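Colleague: Sending over work.cif (mmCIF, C-alpha atoms).
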data_target
loop_
_atom_site.group_PDB
_atom_site.id
_atom_site.type_symbol
_atom_site.label_atom_id
_atom_site.label_comp_id
_atom_site.auth_asym_id
_atom_site.auth_seq_id
_atom_site.Cartn_x
_atom_site.Cartn_y
_atom_site.Cartn_z
ATOM 1 C CA MET F 1 10.434 13.332 71.191
ATOM 2 C CA LEU F 2 7.142 11.950 72.427
ATOM 3 C CA VAL F 3 5.593 13.760 75.419
ATOM 4 C CA ALA F 4 2.869 12.377 77.674
ATOM 5 C CA LEU F 5 1.450 14.596 80.430
ATOM 6 C CA GLN F 6 -0.020 13.157 83.628
ATOM 7 C CA ARG F 7 -3.525 14.503 84.278
ATOM 8 C CA THR F 8 -4.297 15.004 87.952
ATOM 9 C CA GLY F 9 -8.035 15.546 87.569
ATOM 10 C CA ASP F 10 -8.130 18.881 89.380
ATOM 11 C CA GLU F 11 -8.300 22.290 87.819
ATOM 12 C CA ARG F 12 -5.333 23.854 89.553
ATOM 13 C CA ALA F 13 -2.716 25.301 87.245
ATOM 14 C CA ARG F 14 0.652 23.690 86.960
ATOM 15 C CA PRO F 15 3.730 25.672 88.079
ATOM 16 C CA ALA F 16 5.096 27.986 85.436
ATOM 17 C CA ALA F 17 8.523 26.296 85.505
ATOM 18 C CA ALA F 18 6.963 22.874 84.848
ATOM 19 C CA GLU F 19 4.913 24.283 81.952
ATOM 20 C CA HIS F 20 8.055 25.848 80.515
ATOM 21 C CA LEU F 21 9.867 22.502 80.724
ATOM 22 C CA VAL F 22 7.038 20.650 78.965
ATOM 23 C CA GLY F 23 7.021 23.258 76.207
ATOM 24 C CA LEU F 24 10.743 22.703 75.581
ATOM 25 C CA LEU F 25 10.319 18.934 75.435
ATOM 26 C CA ARG F 26 7.431 19.208 72.990
ATOM 27 C CA SER F 27 9.480 21.465 70.710
ATOM 28 C CA TRP F 28 11.724 18.493 69.882
ATOM 29 C CA GLY F 29 9.043 16.509 68.104
ATOM 30 C CA ARG F 30 9.036 15.775 64.405
ATOM 31 C CA GLY F 31 10.983 18.300 62.385
ATOM 32 C CA PRO F 32 14.512 19.672 62.145
ATOM 33 C CA ASP F 33 14.861 19.769 65.949
ATOM 34 C CA HIS F 34 13.679 16.192 66.492
ATOM 35 C CA LEU F 35 15.276 14.347 69.406
ATOM 36 C CA THR F 36 14.553 10.660 70.013
ATOM 37 C CA GLY F 37 12.980 10.134 73.408
ATOM 38 C CA LEU F 38 9.874 9.650 75.528
ATOM 39 C CA ALA F 39 9.095 12.294 78.154
ATOM 40 C CA LEU F 40 6.582 11.517 80.922
ATOM 41 C CA ALA F 41 5.721 14.835 82.591
ATOM 42 C CA GLY F 42 4.092 15.606 85.946
ATOM 43 C CA ILE F 43 4.457 12.089 87.338
ATOM 44 C CA ALA F 44 5.082 10.339 90.638
ATOM 45 C CA LEU F 45 7.540 7.451 90.924
ATOM 46 C CA PRO F 46 6.807 4.656 93.389
ATOM 47 C CA SER F 47 9.338 3.988 96.136
ATOM 48 C CA ARG F 48 9.534 2.335 99.554
ATOM 49 C CA LEU F 49 9.343 5.769 101.202
ATOM 50 C CA GLY F 50 6.282 6.853 99.286
ATOM 51 C CA PRO F 51 5.739 8.484 95.886
ATOM 52 C CA ARG F 52 8.449 10.741 94.527
ATOM 53 C CA PHE F 53 7.085 13.578 92.414
ATOM 54 C CA VAL F 54 9.108 14.752 89.444
ATOM 55 C CA ASP F 55 8.392 17.256 86.701
ATOM 56 C CA ALA F 56 9.606 15.014 83.864
ATOM 57 C CA LEU F 57 11.229 11.641 83.253
ATOM 58 C CA VAL F 58 12.844 11.301 79.831
ATOM 59 C CA PHE F 59 13.735 7.975 78.209
ATOM 60 C CA THR F 60 16.437 8.119 75.561
ATOM 61 C CA ARG F 61 17.893 5.186 73.680
ATOM 62 C CA THR F 62 20.813 5.107 76.096
ATOM 63 C CA GLY F 63 19.525 6.247 79.474
ATOM 64 C CA VAL F 64 16.888 7.906 81.631
ATOM 65 C CA VAL F 65 16.965 11.563 82.704
ATOM 66 C CA VAL F 66 14.953 12.617 85.763
ATOM 67 C CA ILE F 67 14.265 16.371 85.523
ATOM 68 C CA ALA F 68 13.106 18.754 88.226
ATOM 69 C CA ALA F 69 12.131 22.265 87.120
ATOM 70 C CA HIS F 70 13.600 25.020 89.272
ATOM 71 C CA GLU F 71 11.539 28.147 89.828
ATOM 72 C CA PRO F 72 13.309 31.511 89.683
ATOM 73 C CA GLY F 73 14.418 32.636 93.096
ATOM 74 C CA PRO F 74 15.842 30.825 96.103
ATOM 75 C CA ASP F 75 16.245 27.062 95.873
ATOM 76 C CA PRO F 76 12.981 25.312 96.868
ATOM 77 C CA GLY F 77 14.669 21.917 97.125
ATOM 78 C CA SER F 78 14.557 20.911 93.462
ATOM 79 C CA GLY F 79 17.950 19.221 93.718
ATOM 80 C CA GLU F 80 16.777 17.002 96.566
ATOM 81 C CA ARG F 81 13.602 16.159 94.633
ATOM 82 C CA ALA F 82 15.645 15.112 91.603
ATOM 83 C CA GLY F 83 18.011 13.023 93.709
ATOM 84 C CA ALA F 84 15.147 11.213 95.465
ATOM 85 C CA ALA F 85 13.462 10.575 92.106
ATOM 86 C CA VAL F 86 16.695 9.113 90.688
ATOM 87 C CA ALA F 87 16.883 6.645 93.583
ATOM 88 C CA ALA F 88 13.225 5.724 93.095
ATOM 89 C CA ALA F 89 13.682 5.206 89.346
ATOM 90 C CA LYS F 90 16.744 3.013 89.857
ATOM 91 C CA GLY F 91 14.897 0.896 92.382
ATOM 92 C CA ALA F 92 11.829 0.448 90.168
ATOM 93 C CA LEU F 93 13.940 -0.317 87.094
ATOM 94 C CA ALA F 94 16.396 -2.647 88.824
ATOM 95 C CA GLY F 95 15.204 -5.547 86.665
ATOM 96 C CA HIS F 96 16.109 -3.709 83.442
ATOM 97 C CA GLU F 97 19.632 -3.176 82.186
ATOM 98 C CA GLY F 98 18.765 0.391 81.321
ATOM 99 C CA GLY F 99 17.972 1.039 84.980
ATOM 100 C CA GLN F 100 21.698 1.383 85.587
ATOM 101 C CA TYR F 101 21.811 4.545 83.446
ATOM 102 C CA VAL F 102 19.578 6.951 85.383
ATOM 103 C CA THR F 103 20.782 10.509 85.930
ATOM 104 C CA GLY F 104 19.293 13.519 87.655
ATOM 105 C CA LEU F 105 18.937 17.016 86.245
ATOM 106 C CA VAL F 106 17.689 20.352 87.580
ATOM 107 C CA ALA F 107 16.413 22.640 84.815
ATOM 108 C CA VAL F 108 16.627 26.247 85.990
ATOM 109 C CA VAL F 109 13.950 28.337 84.281
ATOM 110 C CA PRO F 110 15.265 31.845 83.562
ATOM 111 C CA GLY F 111 13.349 34.522 85.439
ATOM 112 C CA PRO F 112 12.740 38.188 84.688
ATOM 113 C CA GLU F 113 15.929 39.175 86.485
ATOM 114 C CA PRO F 114 19.250 38.649 84.682
ATOM 115 C CA GLN F 115 20.702 36.765 87.662
ATOM 116 C CA TRP F 116 19.300 33.558 89.042
ATOM 117 C CA HIS F 117 19.993 31.560 92.159
ATOM 118 C CA GLU F 118 21.807 28.307 91.461
ATOM 119 C CA PRO F 119 20.272 25.297 93.275
ATOM 120 C CA ALA F 120 22.216 23.535 95.970
ATOM 121 C CA SER F 121 24.471 20.829 94.554
ATOM 122 C CA VAL F 122 23.334 17.241 95.044
ATOM 123 C CA PRO F 123 25.549 14.217 94.218
ATOM 124 C CA GLY F 124 24.567 12.666 90.903
ATOM 125 C CA VAL F 125 22.377 15.614 89.858
ATOM 126 C CA ALA F 126 23.474 18.165 87.258
ATOM 127 C CA VAL F 127 22.186 21.726 86.863
ATOM 128 C CA VAL F 128 21.421 23.317 83.500
ATOM 129 C CA LEU F 129 19.694 26.458 82.288
ATOM 130 C CA ALA F 130 16.284 25.552 80.856
ATOM 131 C CA ASP F 131 16.692 27.132 77.438
ATOM 132 C CA PRO F 132 16.339 25.198 74.153
ATOM 133 C CA ARG F 133 20.063 24.946 73.520
ATOM 134 C CA SER F 134 21.390 24.008 76.977
ATOM 135 C CA LEU F 135 18.681 21.517 77.924
ATOM 136 C CA ARG F 136 18.732 19.797 74.533
ATOM 137 C CA ARG F 137 22.512 19.568 74.608
ATOM 138 C CA ILE F 138 22.700 17.777 77.953
ATOM 139 C CA ILE F 139 19.894 15.338 77.058
ATOM 140 C CA ALA F 140 21.456 14.612 73.669
ATOM 141 C CA GLN F 141 24.687 13.611 75.383
ATOM 142 C CA HIS F 142 22.971 10.379 76.406
ATOM 143 C CA ASN F 143 22.972 9.314 72.771
ATOM 144 C CA ARG F 144 26.757 8.943 72.947
ATOM 145 C CA TRP F 145 26.446 5.898 75.190
ATOM 146 C CA ARG F 146 25.585 2.309 74.341
ATOM 147 C CA THR F 147 21.963 1.664 73.374
ATOM 148 C CA VAL F 148 20.152 0.032 76.316
ATOM 149 C CA TRP F 149 16.471 0.835 75.638
ATOM 150 C CA SER F 150 14.442 -0.730 72.836
ATOM 151 C CA ALA F 151 10.788 0.053 72.197
ATOM 152 C CA ASP F 152 9.692 -3.059 74.092
ATOM 153 C CA ASP F 153 12.015 -2.231 77.002
ATOM 154 C CA VAL F 154 10.506 1.255 77.328
ATOM 155 C CA LEU F 155 7.006 -0.214 77.450
ATOM 156 C CA ASP F 156 8.087 -2.721 80.117
ATOM 157 C CA ALA F 157 9.679 0.102 82.116
ATOM 158 C CA CYS F 158 6.441 2.109 81.997
ATOM 159 C CA TYR F 159 4.645 -0.873 83.546
ATOM 160 C CA ALA F 160 7.350 -1.198 86.211
ATOM 161 C CA LEU F 161 6.906 2.505 87.079
ATOM 162 C CA SER F 162 3.085 2.164 87.236
ATOM 163 C CA LEU F 163 2.872 4.551 84.284
ATOM 164 C CA ALA F 164 1.496 2.178 81.654
ATOM 165 C CA HIS F 165 -1.447 4.537 81.032
ATOM 166 C CA LEU F 166 1.050 7.107 79.680
ATOM 167 C CA ALA F 167 2.911 4.688 77.415
ATOM 168 C CA PRO F 168 2.531 5.339 73.664
ATOM 169 C CA PRO F 169 2.013 2.517 71.148
ATOM 170 C CA ARG F 170 5.060 0.445 70.243
ATOM 171 C CA ALA F 171 4.872 1.626 66.636
ATOM 172 C CA ALA F 172 5.116 5.241 67.788
ATOM 173 C CA LEU F 173 8.288 4.513 69.756
ATOM 174 C CA VAL F 174 9.874 2.764 66.771
ATOM 175 C CA ALA F 175 8.881 5.626 64.467
ATOM 176 C CA ASP F 176 10.401 8.131 66.890
ATOM 177 C CA GLY F 177 13.794 6.380 66.746
ATOM 178 C CA PHE F 178 13.848 3.649 69.408
ATOM 179 C CA PRO F 179 15.156 0.331 68.023
ATOM 180 C CA ALA F 180 12.696 -2.521 67.765
ATOM 181 C CA ARG F 181 15.207 -4.746 69.530
ATOM 182 C CA LEU F 182 18.605 -4.235 71.059
ATOM 183 C CA PRO F 183 21.664 -5.002 68.923
ATOM 184 C CA PRO F 184 23.750 -7.980 70.013
ATOM 185 C CA VAL F 185 26.449 -6.950 72.468
ATOM 186 C CA ARG F 186 29.791 -8.660 72.045
ATOM 187 C CA SER F 187 32.030 -9.020 75.030
ATOM 188 C CA ARG F 188 35.388 -7.350 74.654
ATOM 189 C CA LEU F 189 38.342 -9.712 74.384
ATOM 190 C CA PRO F 190 40.967 -9.330 77.090
ATOM 191 C CA GLU F 191 44.141 -7.597 76.030
ATOM 192 C CA LEU F 192 47.131 -9.962 76.173
ATOM 193 C CA PRO F 193 50.794 -8.973 75.885
ATOM 194 C CA ALA F 194 52.448 -9.549 72.537
ATOM 195 C CA VAL F 195 55.142 -11.772 74.110
ATOM 196 C CA VAL F 196 54.334 -14.145 76.932
ATOM 197 C CA PRO F 197 57.497 -14.662 79.067
ATOM 198 C CA VAL F 198 58.539 -18.247 79.737
ATOM 199 C CA PRO F 199 59.533 -18.919 83.361
ATOM 200 C CA ALA F 200 63.179 -19.892 83.805
ATOM 201 C CA GLU F 201 64.109 -23.377 84.991
ATOM 202 C CA PRO F 202 65.310 -23.553 88.620
ATOM 203 C CA PRO F 203 69.015 -24.338 89.149
ATOM 204 C CA PRO F 204 69.742 -28.083 89.740
ATOM 205 C CA GLU F 205 70.245 -29.079 93.344
ATOM 206 C CA ALA F 206 73.468 -30.714 94.576
ATOM 207 C CA GLU F 207 73.450 -34.454 93.891
ATOM 208 C CA GLU F 208 74.103 -36.985 96.644
ATOM 209 C CA PRO F 209 76.887 -39.460 95.754
ATOM 210 C CA GLY F 210 75.617 -42.915 94.933
ATOM 211 C CA GLU F 211 71.967 -41.890 94.337
ATOM 212 C CA PRO F 212 70.436 -42.229 90.872
ATOM 213 C CA VAL F 213 69.813 -38.968 89.102
ATOM 214 C CA ALA F 214 66.150 -38.544 88.206
ATOM 215 C CA PRO F 215 65.280 -36.402 85.166
ATOM 216 C CA LEU F 216 63.809 -33.017 85.992
ATOM 217 C CA PRO F 217 60.079 -32.783 85.173
ATOM 218 C CA ARG F 218 59.233 -30.468 82.333
ATOM 219 C CA ARG F 219 57.410 -27.354 83.523
ATOM 220 C CA PRO F 220 54.245 -26.426 81.641
ATOM 221 C CA GLY F 221 54.739 -23.607 79.209
ATOM 222 C CA SER F 222 58.518 -23.979 79.067
ATOM 223 C CA ALA F 223 60.192 -23.890 75.692
ATOM 224 C CA VAL F 224 61.319 -27.265 74.263
ATOM 225 C CA PHE F 225 64.221 -27.353 71.793
ATOM 226 C CA PRO F 226 65.839 -30.433 70.052
ATOM 227 C CA ARG F 227 69.087 -31.654 71.552
ATOM 228 C CA PRO F 228 72.162 -30.726 69.466
ATOM 229 C CA ARG F 229 73.937 -33.645 67.813
ATOM 230 C CA PRO F 230 77.544 -34.315 68.943
ATOM 231 C CA ILE F 231 80.245 -33.078 66.563
ATOM 232 C CA ARG F 232 82.472 -35.901 65.298
ATOM 233 C CA GLN F 233 86.163 -35.096 64.817
ATOM 234 C CA VAL F 234 87.939 -36.247 61.589
ATOM 235 C CA PRO F 235 90.860 -38.819 62.232
ATOM 236 C CA TRP F 236 93.506 -37.090 60.129
ATOM 237 C CA GLY F 237 96.314 -39.476 61.186
ATOM 238 C CA LEU F 238 94.438 -42.562 60.065
ATOM 239 C CA LEU F 239 93.629 -40.953 56.733
ATOM 240 C CA THR F 240 97.321 -40.158 56.144
ATOM 241 C CA VAL F 241 98.372 -43.789 56.752
ATOM 242 C CA LEU F 242 95.673 -45.059 54.404
ATOM 243 C CA VAL F 243 96.764 -42.664 51.672
ATOM 244 C CA LEU F 244 100.372 -43.767 52.005
ATOM 245 C CA LEU F 245 99.407 -47.442 51.824
ATOM 246 C CA VAL F 246 97.286 -46.891 48.733
ATOM 247 C CA THR F 247 100.087 -44.952 47.064
ATOM 248 C CA ALA F 248 102.633 -47.652 47.846
ATOM 249 C CA GLY F 249 100.323 -50.310 46.464
ATOM 250 C CA VAL F 250 99.835 -48.426 43.233
ATOM 251 C CA ILE F 251 103.621 -47.961 42.779
ATOM 252 C CA ALA F 252 104.251 -51.651 43.475
ATOM 253 C CA ALA F 253 101.612 -52.678 40.956
ATOM 254 C CA VAL F 254 103.155 -50.463 38.267
ATOM 255 C CA PHE F 255 106.662 -51.806 38.994
ATOM 256 C CA VAL F 256 105.552 -55.431 38.752
ATOM 257 C CA ALA F 257 103.752 -54.734 35.521
ATOM 258 C CA GLN F 258 106.858 -53.176 33.978
ATOM 259 C CA VAL F 259 109.033 -56.123 35.043
ATOM 260 C CA PHE F 260 106.807 -58.755 33.495
ATOM 261 C CA HIS F 261 106.221 -56.662 30.388
ATOM 262 C CA GLY F 262 110.001 -56.214 29.820
ATOM 263 C CA SER F 263 110.715 -59.966 30.132
#
Translate this structure into structure tokens?

Modeller:
Amino acid sequence: MLVALQRTGDERARPAAAEHLVGLLRSWGRGPDHLTGLALAGIALPSRLGPRFVDALVFTRTGVVVIAAHEPGPDPGSGERAGAAVAAAKGALAGHEGGQYVTGLVAVVPGPEPQWHEPASVPGVAVVLADPRSLRRIIAQHNRWRTVWSADDVLDACYALSLAHLAPPRAALVADGFPARLPPVRSRLPELPAVVPVPAEPPPEAEEPGEPVAPLPRRPGSAVFPRPRPIRQVPWGLLTVLVLLVTAGVIAAVFVAQVFHGS
């Protein structure tokens, strides 16, 4: 994961929870724990209601995670900050397809006490313990979705968020694991039933006497079958008479031949 930290220009120290979050993100650079992504830390997102400050915004190949670090103790409003930053990110990235996949996250930094106060729930914002295993696991879940961010798209998004000065070179994004271009997306074919039913013909209406019968129009999609040929009956009586006549003729011919041969 690539990490870029916003420099404010003053000498004041960053909150301990934000420093802890940046340290976790940097631990997923090159090596066995590598995780593809670009983390922009300590930034402000532009919005119509003014800048929205957020501790980190993480691009993955399949989404954007807006993270607010939660200090140990009572909830200081980190959930509301994450929710407002999600709305600001979606508005700024409305022209990018990947802007549809923006989620909020509150990373609760473990304090010295074994128990910690869970932040107030905010719609669309998840809560996770900011340890290496839990935080990495929830960010890695984005990689199960469809790829929506290429290296060029991430650079364009940084410009849209007024964070171009934090954008790394395109080659660095490609080397980290972002695709150079998005794969072609094929639309899913609609599922059709295996057998399409044919509508039944309506029953014929009663015919008026004396009016010509018009043929019924053929409905589209109706099944067409050849008309059966009429079955012709065999005239057995006529065949019997013919057989008798032929037999009588043969007998007469034999009798005449015998008479003339004997004389």

Colleague: Every residue with an atom at most 10 Å from (19.0, 18.9, 73.6) (file coordinates; all atoms listed in the file) is what I'm after, so could you write them as a ChimeraX atom specification?

Modeller: /F:24-25,28,33-35,131-142

Colleague: What is the atom CA of F:Ala257 to atom CA of F:Leu245 distance in Å?

Modeller: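 Separation between atom CA of F:Ala257 and atom CA of F:Leu245: 18.4 Å.
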
Colleague: What separation in Å, quoted to one decimal, exists between atom CA of F:Val108 and atom CA of F:Gly23?

Modeller: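 Those two atoms sit 14.0 Å apart.
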
Colleague: Would you list the contacts of stretch 82-84 of chain F as a PDB file with C-alpha atoms, in the frame of the given file, taking every protein, DNA or RNA residue within 7 Å and counting only C-alpha atoms, but skipping same-chain residues closer than 3 positions in sequence?

Modeller:
ATOM      1  CA  ARG F  52       8.449  10.741  94.527  1.00  0.00           C
ATOM      2  CA  VAL F  54       9.108  14.752  89.444  1.00  0.00           C
ATOM      3  CA  VAL F  66      14.953  12.617  85.763  1.00  0.00           C
ATOM      4  CA  ILE F  67      14.265  16.371  85.523  1.00  0.00           C
ATOM      5  CA  ALA F  68      13.106  18.754  88.226  1.00  0.00           C
ATOM      6  CA  SER F  78      14.557  20.911  93.462  1.00  0.00           C
ATOM      7  CA  GLY F  79      17.950  19.221  93.718  1.00  0.00           C
ATOM      8  CA  ALA F  87      16.883   6.645  93.583  1.00  0.00           C
ATOM      9  CA  ALA F  88      13.225   5.724  93.095  1.00  0.00           C
ATOM     10  CA  GLY F 104      19.293  13.519  87.655  1.00  0.00           C
ATOM     11  CA  LEU F 105      18.937  17.016  86.245  1.00  0.00           C
ATOM     12  CA  VAL F 106      17.689  20.352  87.580  1.00  0.00           C
ATOM     13  CA  VAL F 122      23.334  17.241  95.044  1.00  0.00           C
ATOM     14  CA  VAL F 125      22.377  15.614  89.858  1.00  0.00           C
TER      15      VAL F 125
END

Colleague: Nearest to F:Ala17 among F:Gly99, F:Gly111, F:Gly37, F:Gly31, with distances taken over all atoms listed in the file: which residue is it?

Modeller: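 Going through F:Gly99, F:Gly111, F:Gly37, F:Gly31 one by one, the smallest distance to F:Ala17 is for F:Gly111.
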
Colleague: Between atom CA of F:Val86 and atom CA of F:Thr103, what is the spacing in Å?

Modeller: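 For atom CA of F:Thr103 relative to atom CA of F:Val86, the distance reads 6.4 Å.
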
Colleague: Which is closer to F:Leu21 than all the others in F:Ala94, F:Ala107, F:Leu57, F:Ala44, using only C-alpha atoms?

Modeller: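 Answer, going by the shortest atom-to-atom distance: F:Ala107.
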
Colleague: Excluding stretch 169-182 of chain F and residues on its chain fewer than 5 positions from it, collect all residues at most 12 Å away from it, counting only C-alpha atoms, and give them as a ChimeraX atom specification.

Modeller: /F:1-4,28-31,34-39,59-63,97-98,143,146-156,158,164

Colleague: If I wrap all listed atoms of stretch 70-80 of chain F in a box with edges along x, y and z and add 3 Å on each side, what are its centre and edge lengths in Å to one decimal, as JSON?

Modeller:
{"center_x": 14.7, "center_y": 24.8, "center_z": 93.2, "size_x": 12.4, "size_y": 21.6, "size_z": 13.9}

Colleague: Using all atoms listed in the file, which of F:Leu163, F:Val241, F:Leu45, F:Val64 sits nearest F:Leu5?

Modeller: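 Answer, going by the shortest atom-to-atom distance: F:Leu163.
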
Colleague: Given only C-alpha atoms as the basis, pick out the residue of F:Pro119, F:Val22, F:Leu40, F:Ile251 nearest to F:His165.

Modeller: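 That would be F:Leu40, the residue with the smallest distance to F:His165.
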
Colleague: Measuring atom to atom with all atoms listed in the file, identify which of F:Leu49, F:Ala41, F:Leu244, F:Ala130 is nearest to F:Arg14.

Modeller: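 With all atoms listed in the file as the atom set, the closest residue is F:Ala41.
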